[in-house]
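Asker: Encoded as structure tokens, here's the structure I'll be asking about.
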Amino acid sequence: MRWGWFTTPSGLTFLVVTTFVVVGGYSRLVALGGVSEWIDEAQSTLAAFSVLQHGYPVVVARQVIDNWEPLYPYIEAASILLLGHSNFAYRLPSAILGIALIPIAYWLGLRIRDRFVGITLAAMVAFSTEYIAWSRQARWYMLFVVLIVVGLLLAWTWSHASEGRRRRRYVIGLALVAAGLAVTSIGLFLLYVPAMLAGALGFVLAARGDRLRAFFAGPGEPGASANPPEGRFIPYRYRLWVVLLGLFAVVAAVVYERNWLIGVGSGFFTQVLGFAPFPLSWDPDYGTYLLDFYAPIVALAFGSIYFIARRKDPFEVGLLGFAAGAFVSVSYLISLTTIRPPGQPVQPRHLLPLLFVLFLLSSITIVGVLRWLASRIGVKWPHRRWLDRAAPGICGVAVVAMLVLPSAVLPTGNYLNNYRAATPVNQELPWVPFSLAPENPWALYRTPQADYQLAAEYALDHKAPGDVMATTQPFPVAVYYGSVQYYVRANAIAPFLYPLGGGQFEYYGSGAVWVYNTTQFESLLYNSSGWFVSDVPRTGTAGGALPAQMNVVPAYFMAYEPNGSDPSITLFHWNRSTPSGLLEALATQDPTLQNFSRNATFQELLGWAVTTGVRWFFYRDLVIPMTPYLLPLIASSGTRALGTLFYVYNTQPAVQEEFPGATNRSYNDTALLAWACGVASGQLPSGLHSILAPYKSTYCQ
């Protein structure tokens with residue numbers, strides 16, 4: 001190869017696409033070693049760990065359709081096997097797939113239209129902030145997009161192949177791609193099946209339009225033969241009406257039997273997938289997202305209709321059908337498998353395959369417009385031959401200027417809230433659709449930025465044998481620490497909980513048992529020693545994650561570990577495995593109790609907890625769970641009797657209804673003691689007799 005080749009159109013094309021690959025590769029590789037930001041990314045990494053341990057990905061989940069994603073964990077496991085455990089190894093496969101997508105996109109654009117569409121499409125993929133962001137995550141989304149693009153390439157080759165044997169090979173290839181998509185993510189694959197069918201329908205209508213017109217055309221109509229025979233079963237003049245009436249009948253039957261069909265469909269999905277689908281509903285936020293952040297791309301994609309209509313290529317018509325079908329399918333069908341609480345952001349990752357097709361359609365429009373401009377300039381251009389030779393390079397520069405420079409020079413006015421960022425919190429970050437190397441691409445999907453690695457690795461370095469791990473987010477902690485036994489959160493989303501029986505639940509795929517109230521939280525401390533990693537604020541209220549009294553448990557009963565904490569994460573340690581130890585911690589750390597505990601004996605502290613502490617609003621939820629453990633330690637029978645009575649009162653709603661207000665410190669206990677005397681002596685029939693009877697003499701004084 002001579003150096004002069006690089007000045008030819010082919011050589012310039014090679015240089016342009018290679019530049020896109022190098023720059024796009026840098027933007028994807030530059031941040032791979034950073035802290036794991038995204039919770040679900042840890043889910044894929046844990047599945048990869050299980051591949052290394054068992055030979056297959058272990059996923060324990062009620063929602064199989066959302067979590068059966070076995071293919072990518074095998075690829076990630078191979079990376080871990082070669083490079084060891086690190087964020088770089090976890091994320092590298094996704095980055096490689098993101099880089100590979102750039103030349104594949106060029107090749108697809110080249111085959112569909114020409115090198116200029118290929119260059120434009122490759123530039124969009126290389127500099128797309130969204131694709132850069134997802135290429136930095138240890139997740140399967142880039143694998144899914146690559147397989148979709150390979151499938152489009154195979155479909156185009158099949159549609160333009162004339163030899164039957166070659167066409168059969170491409171069909172086999174398409175079947176393998178479909179299987180790969182299904183095992184990459186069965187959930188997203190099913191979302192895009194209607195889009196594939198819509199694309200196939202568009203292709204058939206465009207490729208077989210003459211035959212369809214001939215089927216409906218009568219004598220003398222366009223597309224009909226000179227002397228068409230009358231239809232064997234249905235005359236030509238009735239065929240269109242029969243088809244329209246048939247479609248109307250189907251739609252009417254579906255509407256009329258809607259509830260029955262929903263019931264049958266729901267039962268089928270429940271049997272096959274193991275969970276009942278959520279109600280079908282339209283999600284308008286996907287359309288809002290595209291219009292807010294990709295309005296020019298959407299406009300250019302619509303503009304491609306003009307250029308595709310002029311060419312009338314069936315495959316390009318199929319692309320339009322795919323894009324329309326994908327938008328409708330994702331906006332509708334996502335409601336069946338995913339619950340999105342009010343106010344939560346849309347999940348744009350579901351649009352990644354559609355976004356690629358929108359880029360492709362936009363490339364057709366851009367090149368069509370540039371060709372028109374070049375033809376106008378070429379009328380008076382003195383060296384047209386030089387212009388033709390330099391056209392690939394000019395196209396590459398022009399496209400990059402159109403994509404990147406407006407994002408850098410002219411702000412889009414679009415911002416995303418990077419909530420729970422390490423510093424500063426709740427920062428509004430500017431968002432651009434195309435960038436050379438976006439600084440904060442994770443703002444695209446508004447993911448928490450807590451430094452789980454900092455806390456988990458500190459706990460790992462200081463753990464003692466038998467220590468357990470509890471956390472508000474099991475997946476990311478497990479990547480750095482290992483197994484997580486407890487998931488501590490009061491506001492867990494129900495679909496992510498797997499029932500274990502006996503009132504216990506597991507956070508799906510993690511093996512972590514759900515701890516959701518103060519009693520369970522304290523019981524964890526009573527029966528073990530270990531660590532608690534929290535990504536909610538350490539002081540004050542924490543919304544619904546650790547409400548009120550539940551938030552006080554780590555503040556009073558656990559030791560704060562500053563070396564494993566920063567503004568985004570909090571690490572606690574506890575090694576007091578007895579309620580009495582926890583009570584001493586409460587007394588010494590609470591400012592109100594410090595003076596009392598400093599001069600009180602341990603017996604006096606026990607007496608305060610079971611008699612006075614359970615009647616103070618601030619301490620009730622903390623000391624009531626301790627009471628059955630503390631009562632046997634009390635030496636005074638009178639104190640033990642009164643503590644037992646208060647414990648019975650606090651755990652029996654019927655008694656609370658009979659004696660309202662007994663928890664107030666100013667309440668007169670005479671009536672409550674009289675009731676206890678009657679129960680203890682057997683005068684009042686009650687199932688509490690055996691509990692109160694040992695203290696009859698105290699109650700009946």
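Please note that chains go A, B, ... in the order of the structure tokens, that every chain numbers its residues from 1, and that ligands are numbered from 1 in the order shown.
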Env of A:Val183: 7 Å cut, atoms = only C-alpha atoms, seq-sep filter 4 positions within chain, self excluded. Answer as a list of chain:residue names.
Answerer: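 Here the qualifying residues turn out to be A:Glu69, A:Pro70, A:Leu71, A:Ala179.
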Asker: What lies within 7 Å of stretch 312-315 of chain A using only C-alpha atoms, ignoring chain neighbours under 5 positions off, as a list in words?
Answerer: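 Selected residues are Trp156, Phe203, Ala206 and Ala207 of chain A.
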Asker: So the first atom is atom CA of A:Thr570 and the second is atom CA of A:Gly84; what is the distance between them in Å, to one decimal place?
Answerer: 27.5 Å
Asker: Measuring atom to atom with only C-alpha atoms, identify which of A:Met626, A:Leu46, A:Val330, A:Val193 is nearest to A:Pro474.
Answerer: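 Distance minimum relative to A:Pro474 lands on A:Leu46.
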Asker: Just list the residues in stretch 61-309 of chain A DSSP gives helix (DSSP H, G or I) on the backbone, as a PyMOL selection string.
Answerer: chain A and resi 64-67+71-83+87-112+115-127+129-134+141-159+164-184+186-207+209-216+236-256+258-273+285-293+295-309
Asker: Can you tell me which residues surround A:Leu633 at a distance of at most 12 Å, considering only C-alpha atoms, apart from same-chain residues fewer than 6 positions away, and format the answer as a list in words?
Answerer: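 Near A:Leu633, the qualifying residues are Thr578, Pro579, Ser580, Phe602, Gln603, Glu604, Leu605, Leu606, Gly607, Ala609, Val610, Met626, Thr627, Thr639, Arg640 and Gly643 of chain A.
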Asker: For A:Pro499, find every residue with an atom within 10 Å (counting only C-alpha atoms), except residues of its own chain fewer than 4 positions away, and show them as number ranges by chain.
Answerer: A: 61-62, 503-508, 513-514
Asker: Please list as a list in words every residue within 8 Å of stretch 15-17 of chain A, counting only C-alpha atoms and excluding residues in the same chain fewer than 4 positions away.
Answerer: Phe6, Gly11, Val21, Pro103, Tyr106, Ile119, Ala122, Ala123, Pro392, Gly393 and Gly396 of chain A
Asker: Point out the residue among A:Thr663, A:Gln347, A:Thr471, A:Ser135 with the least atom-to-atom distance to A:Tyr649, counting only C-alpha atoms.
Answerer: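 Of A:Thr663, A:Gln347, A:Thr471, A:Ser135, the one nearest A:Tyr649, counting only C-alpha atoms, is A:Thr663.
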Asker: Write out as a PyMOL selection string each polymer residue whose atoms come within 10 Å of A:Leu405, counting only C-alpha atoms; drop sequence neighbours fewer than 6 positions from it.
Answerer: chain A and resi 399+434-436
Asker: Can you work out which one of A:Gly682, A:Pro476, A:Pro625, A:Gly501 has the shortest atom-to-atom distance to A:Thr518, counting only C-alpha atoms?
Answerer: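 When distances to A:Thr518 are compared using only C-alpha atoms, the smallest one comes from A:Pro625.
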Asker: Can you pull out the residues contacting A:Gly678? Cut-off 12 Å, using only C-alpha atoms, and skip same-chain residues under 4 positions away; I want them as a VMD selection string.
Answerer: chain A and resid 671 to 674 682 to 686 688 to 689 692 to 693 695 to 701
Asker: With N, CA and C atoms kept, could you save the residues just selected as a PDB file, in the first residue's frame?
Answerer:
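Writing the result to again10.pdb gives the following:
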ATOM      1  N   ALA A 671     -55.656   2.313  87.304  1.00  0.00           N
ATOM      2  CA  ALA A 671     -56.583   1.442  86.569  1.00  0.00           C
ATOM      3  C   ALA A 671     -55.840   0.301  85.889  1.00  0.00           C
ATOM      4  N   LEU A 672     -54.676   0.577  85.338  1.00  0.00           N
ATOM      5  CA  LEU A 672     -53.897  -0.459  84.657  1.00  0.00           C
ATOM      6  C   LEU A 672     -53.413  -1.514  85.653  1.00  0.00           C
ATOM      7  N   LEU A 673     -52.994  -1.066  86.864  1.00  0.00           N
ATOM      8  CA  LEU A 673     -52.551  -2.017  87.888  1.00  0.00           C
ATOM      9  C   LEU A 673     -53.719  -2.863  88.385  1.00  0.00           C
ATOM     10  N   ALA A 674     -54.897  -2.261  88.488  1.00  0.00           N
ATOM     11  CA  ALA A 674     -56.075  -3.021  88.927  1.00  0.00           C
ATOM     12  C   ALA A 674     -56.411  -4.106  87.903  1.00  0.00           C
ATOM     13  N   GLY A 682     -56.595 -14.313  88.277  1.00  0.00           N
ATOM     14  CA  GLY A 682     -57.555 -15.172  87.591  1.00  0.00           C
ATOM     15  C   GLY A 682     -58.971 -14.664  87.622  1.00  0.00           C
ATOM     16  N   GLN A 683     -59.202 -13.497  88.186  1.00  0.00           N
ATOM     17  CA  GLN A 683     -60.555 -12.953  88.246  1.00  0.00           C
ATOM     18  C   GLN A 683     -61.036 -12.475  86.871  1.00  0.00           C
ATOM     19  N   LEU A 684     -60.079 -12.008  86.028  1.00  0.00           N
ATOM     20  CA  LEU A 684     -60.399 -11.603  84.663  1.00  0.00           C
ATOM     21  C   LEU A 684     -59.830 -12.642  83.706  1.00  0.00           C
ATOM     22  N   PRO A 685     -60.675 -13.341  82.957  1.00  0.00           N
ATOM     23  CA  PRO A 685     -60.145 -14.347  82.035  1.00  0.00           C
ATOM     24  C   PRO A 685     -59.310 -13.679  80.941  1.00  0.00           C
ATOM     25  N   SER A 686     -58.090 -14.158  80.761  1.00  0.00           N
ATOM     26  CA  SER A 686     -57.197 -13.573  79.754  1.00  0.00           C
ATOM     27  C   SER A 686     -56.084 -14.562  79.429  1.00  0.00           C
ATOM     28  N   LEU A 688     -53.228 -13.712  79.032  1.00  0.00           N
ATOM     29  CA  LEU A 688     -52.008 -13.135  79.601  1.00  0.00           C
ATOM     30  C   LEU A 688     -51.798 -13.557  81.056  1.00  0.00           C
ATOM     31  N   HIS A 689     -52.653 -14.433  81.563  1.00  0.00           N
ATOM     32  CA  HIS A 689     -52.572 -14.829  82.978  1.00  0.00           C
ATOM     33  C   HIS A 689     -51.204 -15.406  83.321  1.00  0.00           C
ATOM     34  N   LEU A 692     -48.498 -12.637  83.739  1.00  0.00           N
ATOM     35  CA  LEU A 692     -48.619 -11.686  84.839  1.00  0.00           C
ATOM     36  C   LEU A 692     -48.754 -12.357  86.204  1.00  0.00           C
ATOM     37  N   ALA A 693     -49.128 -13.635  86.235  1.00  0.00           N
ATOM     38  CA  ALA A 693     -49.368 -14.323  87.514  1.00  0.00           C
ATOM     39  C   ALA A 693     -48.178 -14.297  88.462  1.00  0.00           C
ATOM     40  N   TYR A 695     -46.318 -12.068  89.275  1.00  0.00           N
ATOM     41  CA  TYR A 695     -46.164 -10.768  89.925  1.00  0.00           C
ATOM     42  C   TYR A 695     -47.478 -10.304  90.554  1.00  0.00           C
ATOM     43  N   LYS A 696     -48.326 -11.255  90.921  1.00  0.00           N
ATOM     44  CA  LYS A 696     -49.632 -10.944  91.503  1.00  0.00           C
ATOM     45  C   LYS A 696     -49.493 -10.077  92.741  1.00  0.00           C
ATOM     46  N   SER A 697     -48.563 -10.401  93.597  1.00  0.00           N
ATOM     47  CA  SER A 697     -48.417  -9.660  94.858  1.00  0.00           C
ATOM     48  C   SER A 697     -48.092  -8.194  94.611  1.00  0.00           C
ATOM     49  N   THR A 698     -47.349  -7.906  93.573  1.00  0.00           N
ATOM     50  CA  THR A 698     -46.998  -6.514  93.264  1.00  0.00           C
ATOM     51  C   THR A 698     -48.202  -5.753  92.731  1.00  0.00           C
ATOM     52  N   TYR A 699     -48.956  -6.393  91.817  1.00  0.00           N
ATOM     53  CA  TYR A 699     -50.094  -5.709  91.200  1.00  0.00           C
ATOM     54  C   TYR A 699     -51.264  -5.520  92.176  1.00  0.00           C
ATOM     55  N   CYS A 700     -51.395  -6.420  93.134  1.00  0.00           N
ATOM     56  CA  CYS A 700     -52.570  -6.402  94.008  1.00  0.00           C
ATOM     57  C   CYS A 700     -52.294  -5.738  95.353  1.00  0.00           C
ATOM     58  N   GLN A 701     -51.262  -4.966  95.480  1.00  0.00           N
ATOM     59  CA  GLN A 701     -50.965  -4.297  96.756  1.00  0.00           C
ATOM     60  C   GLN A 701     -52.040  -3.266  97.090  1.00  0.00           C
TER      61      GLN A 701
END
